[in-house]
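A.B. asks: Can you read through this structure? Questions will come right after.
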Amino acid sequence: LRTCGGSVRFLGQQADSRAILARADVLLITSSAESFSLVALEAMTAGVPVVAPRLAGLSETVIDGEGGLLFTPGRPADAALKICV
């Protein structure tokens with residue numbers, strides 16, 4: 001597994017996600033179950049690519065290779081490879 005550099009910040013709950021998304025390079029979603037993801041839509045609207053698990057709701061929102069990339073649920077190494085593309 002290669003590294004892609006950069007830094008990761010965990011900001012916790014925030015009141016204004018738009019300001020954060022404006023500075024983000026990627027949005028990583030790590031849900032194990034998701035019927036619909038508003039944050040994925042918000043990120044894509046802001047032009048931020050989404051890396052998300054291939055789950056029913058997310059697979060309908062995030063089209064692999066278009067608005068982001070999908071990874072195999074439960075495989076963090078797969079998610080890391082998608083981020084470092």
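Labels used: A, B, ... for chains in the order of the structure tokens, numbers from 1 for residues in each chain, and numbers from 1 for ligands as shown.
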Please, which residues of chain A, numbered as in this document, come out alpha helix (DSSP H) from DSSP, as a list of chain:residue names?
C.D. replies: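 Selecting the alpha helix (DSSP H) positions of chain A gives A:Ser17, A:Arg18, A:Ala19, A:Ile20, A:Leu21, A:Leu38, A:Val39, A:Ala40, A:Leu41, A:Glu42, A:Ala43, A:Met44, A:Thr45, A:Ala56, A:Gly57, A:Leu58, A:Ser59, A:Glu60, A:Thr61, A:Pro76, A:Ala77, A:Asp78, A:Ala79, A:Ala80, A:Leu81, A:Lys82, A:Ile83.
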A.B. asks: Which residues are near Leu11 in chain A? Cut-off 10 Å, only C-alpha atoms, ignore same chain within fewer than 3 positions. Put them as a list in words.
C.D. replies: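 Contacts, in chain order: Val8, Gln14 and Ile20 of chain A.
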A.B. asks: Just to be explicit: take each residue in the selection above, keep all heavy atoms, and write the result as a CSV table (one decimal), in the first residue's frame.
C.D. replies:
```csv
chain,number,residue,atom,x,y,z
A,8,VAL,N,-4.9,14.7,7.3
A,8,VAL,CA,-6.3,14.4,7.6
A,8,VAL,C,-6.6,15.1,8.9
A,8,VAL,O,-5.9,15.1,9.8
A,8,VAL,CB,-6.5,12.9,7.7
A,8,VAL,CG1,-8.0,12.6,8.1
A,8,VAL,CG2,-6.2,12.2,6.5
A,14,GLN,N,-20.0,20.0,13.0
A,14,GLN,CA,-19.9,21.4,12.6
A,14,GLN,C,-21.2,21.9,12.2
A,14,GLN,O,-22.0,21.2,11.6
A,14,GLN,CB,-18.9,21.5,11.4
A,14,GLN,CG,-17.5,21.0,11.7
A,14,GLN,CD,-16.8,21.9,12.6
A,14,GLN,OE1,-16.7,23.1,12.5
A,14,GLN,NE2,-16.2,21.3,13.6
A,20,ILE,N,-16.6,24.0,5.2
A,20,ILE,CA,-15.6,23.0,5.3
A,20,ILE,C,-15.5,22.3,3.9
A,20,ILE,O,-14.3,22.0,3.5
A,20,ILE,CB,-16.0,21.9,6.4
A,20,ILE,CG1,-16.0,22.6,7.7
A,20,ILE,CG2,-15.1,20.7,6.3
A,20,ILE,CD1,-16.6,21.8,8.8
```
A.B. asks: List as JSON lines every residue of range 40-68 of chain A that is in contact with range 74-85 of chain A, defined as an atom at most 12 Å from one of its atoms (using only C-alpha atoms), together with the nearest atom pair and the distance in Å rounded to one decimal, sorted by chain and then rising number.
C.D. replies:
```
{"residue": "A:Pro49", "atom": "CA", "partner": "A:Ile83", "partner_atom": "CA", "distance": 9.5}
{"residue": "A:Val50", "atom": "CA", "partner": "A:Ile83", "partner_atom": "CA", "distance": 9.1}
{"residue": "A:Val51", "atom": "CA", "partner": "A:Ile83", "partner_atom": "CA", "distance": 6.9}
{"residue": "A:Ala52", "atom": "CA", "partner": "A:Ala79", "partner_atom": "CA", "distance": 7.6}
{"residue": "A:Pro53", "atom": "CA", "partner": "A:Ala79", "partner_atom": "CA", "distance": 7.8}
{"residue": "A:Arg54", "atom": "CA", "partner": "A:Gly74", "partner_atom": "CA", "distance": 9.9}
{"residue": "A:Leu55", "atom": "CA", "partner": "A:Gly74", "partner_atom": "CA", "distance": 10.8}
{"residue": "A:Asp64", "atom": "CA", "partner": "A:Lys82", "partner_atom": "CA", "distance": 10.7}
{"residue": "A:Gly65", "atom": "CA", "partner": "A:Lys82", "partner_atom": "CA", "distance": 10.3}
{"residue": "A:Gly68", "atom": "CA", "partner": "A:Lys82", "partner_atom": "CA", "distance": 9.2}
```
A.B. asks: Write the selection just made, keeping all heavy atoms, as a PDB file, in the first residue's frame?
C.D. replies:
```
ATOM      1  N   PRO A  49     -15.109  15.413  -4.719  1.00  0.00           N
ATOM      2  CA  PRO A  49     -15.351  13.996  -5.009  1.00  0.00           C
ATOM      3  C   PRO A  49     -15.622  13.209  -3.731  1.00  0.00           C
ATOM      4  O   PRO A  49     -15.091  13.523  -2.673  1.00  0.00           O
ATOM      5  CB  PRO A  49     -14.054  13.535  -5.682  1.00  0.00           C
ATOM      6  CG  PRO A  49     -13.026  14.533  -5.284  1.00  0.00           C
ATOM      7  CD  PRO A  49     -13.740  15.813  -5.005  1.00  0.00           C
ATOM      8  N   VAL A  50     -16.459  12.200  -3.851  1.00  0.00           N
ATOM      9  CA  VAL A  50     -16.868  11.374  -2.716  1.00  0.00           C
ATOM     10  C   VAL A  50     -16.287   9.975  -2.883  1.00  0.00           C
ATOM     11  O   VAL A  50     -16.366   9.380  -3.956  1.00  0.00           O
ATOM     12  CB  VAL A  50     -18.412  11.298  -2.642  1.00  0.00           C
ATOM     13  CG1 VAL A  50     -18.860  10.362  -1.532  1.00  0.00           C
ATOM     14  CG2 VAL A  50     -18.997  12.690  -2.460  1.00  0.00           C
ATOM     15  N   VAL A  51     -15.703   9.455  -1.820  1.00  0.00           N
ATOM     16  CA  VAL A  51     -15.259   8.063  -1.764  1.00  0.00           C
ATOM     17  C   VAL A  51     -16.156   7.402  -0.727  1.00  0.00           C
ATOM     18  O   VAL A  51     -16.185   7.814   0.436  1.00  0.00           O
ATOM     19  CB  VAL A  51     -13.769   7.958  -1.386  1.00  0.00           C
ATOM     20  CG1 VAL A  51     -13.362   6.510  -1.202  1.00  0.00           C
ATOM     21  CG2 VAL A  51     -12.904   8.619  -2.455  1.00  0.00           C
ATOM     22  N   ALA A  52     -16.927   6.409  -1.161  1.00  0.00           N
ATOM     23  CA  ALA A  52     -17.954   5.821  -0.309  1.00  0.00           C
ATOM     24  C   ALA A  52     -18.031   4.314  -0.510  1.00  0.00           C
ATOM     25  O   ALA A  52     -17.657   3.806  -1.563  1.00  0.00           O
ATOM     26  CB  ALA A  52     -19.308   6.456  -0.629  1.00  0.00           C
ATOM     27  N   PRO A  53     -18.548   3.600   0.495  1.00  0.00           N
ATOM     28  CA  PRO A  53     -18.718   2.157   0.335  1.00  0.00           C
ATOM     29  C   PRO A  53     -19.815   1.836  -0.673  1.00  0.00           C
ATOM     30  O   PRO A  53     -20.785   2.586  -0.818  1.00  0.00           O
ATOM     31  CB  PRO A  53     -19.093   1.681   1.740  1.00  0.00           C
ATOM     32  CG  PRO A  53     -19.663   2.878   2.407  1.00  0.00           C
ATOM     33  CD  PRO A  53     -18.988   4.061   1.808  1.00  0.00           C
ATOM     34  N   ARG A  54     -19.643   0.734  -1.365  1.00  0.00           N
ATOM     35  CA  ARG A  54     -20.620   0.290  -2.359  1.00  0.00           C
ATOM     36  C   ARG A  54     -21.817  -0.315  -1.617  1.00  0.00           C
ATOM     37  O   ARG A  54     -21.896  -1.517  -1.409  1.00  0.00           O
ATOM     38  CB  ARG A  54     -19.970  -0.732  -3.289  1.00  0.00           C
ATOM     39  CG  ARG A  54     -20.801  -1.085  -4.501  1.00  0.00           C
ATOM     40  CD  ARG A  54     -20.045  -2.002  -5.466  1.00  0.00           C
ATOM     41  NE  ARG A  54     -19.118  -1.222  -6.278  1.00  0.00           N
ATOM     42  CZ  ARG A  54     -17.790  -1.180  -6.108  1.00  0.00           C
ATOM     43  NH1 ARG A  54     -17.232  -1.887  -5.167  1.00  0.00           N
ATOM     44  NH2 ARG A  54     -17.036  -0.444  -6.891  1.00  0.00           N
ATOM     45  N   LEU A  55     -22.724   0.557  -1.170  1.00  0.00           N
ATOM     46  CA  LEU A  55     -23.938   0.152  -0.463  1.00  0.00           C
ATOM     47  C   LEU A  55     -25.140   0.614  -1.283  1.00  0.00           C
ATOM     48  O   LEU A  55     -25.025   1.554  -2.073  1.00  0.00           O
ATOM     49  CB  LEU A  55     -23.995   0.809   0.925  1.00  0.00           C
ATOM     50  CG  LEU A  55     -22.861   0.459   1.896  1.00  0.00           C
ATOM     51  CD1 LEU A  55     -22.934   1.357   3.130  1.00  0.00           C
ATOM     52  CD2 LEU A  55     -22.938  -1.009   2.292  1.00  0.00           C
ATOM     53  N   ASP A  64     -19.948   5.519  -9.527  1.00  0.00           N
ATOM     54  CA  ASP A  64     -18.517   5.191  -9.525  1.00  0.00           C
ATOM     55  C   ASP A  64     -17.827   5.749 -10.766  1.00  0.00           C
ATOM     56  O   ASP A  64     -18.221   5.468 -11.894  1.00  0.00           O
ATOM     57  CB  ASP A  64     -18.343   3.671  -9.452  1.00  0.00           C
ATOM     58  CG  ASP A  64     -16.941   3.264  -9.034  1.00  0.00           C
ATOM     59  OD1 ASP A  64     -16.289   4.029  -8.308  1.00  0.00           O
ATOM     60  OD2 ASP A  64     -16.512   2.174  -9.440  1.00  0.00           O
ATOM     61  N   GLY A  65     -16.820   6.582 -10.538  1.00  0.00           N
ATOM     62  CA  GLY A  65     -16.066   7.163 -11.639  1.00  0.00           C
ATOM     63  C   GLY A  65     -16.611   8.493 -12.128  1.00  0.00           C
ATOM     64  O   GLY A  65     -16.012   9.138 -12.970  1.00  0.00           O
ATOM     65  N   GLY A  68     -17.622  10.417  -7.846  1.00  0.00           N
ATOM     66  CA  GLY A  68     -16.717   9.890  -6.833  1.00  0.00           C
ATOM     67  C   GLY A  68     -16.334   8.465  -7.155  1.00  0.00           C
ATOM     68  O   GLY A  68     -16.480   8.011  -8.290  1.00  0.00           O
TER      69      GLY A  68
END
```
A.B. asks: Quick one: distance from CA of Gly57 in chain A to CA of Glu34 in chain A in Å, one decimal?
C.D. replies: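 Here the two named atoms are 5.7 Å from each other.
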A.B. asks: When distances are computed from only C-alpha atoms, which of A:Ala15, A:Cys4, A:Leu58, A:Ala22 shows the smallest separation from Leu38 in chain A?
C.D. replies: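 Using only C-alpha atoms, Leu38 in chain A sits closest to A:Leu58.
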A.B. asks: Report the distance between CA of Ala24 in chain A and CA of Glu42 in chain A in Å, rounded to one decimal place.
C.D. replies: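 Atom-to-atom, CA of Ala24 in chain A to CA of Glu42 in chain A, that is 12.0 Å.
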A.B. asks: What's the separation between CA of Met44 in chain A and CA of Gly67 in chain A, in Å to one decimal place?
C.D. replies: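 We find that CA of Met44 in chain A and CA of Gly67 in chain A lie 6.2 Å from each other.
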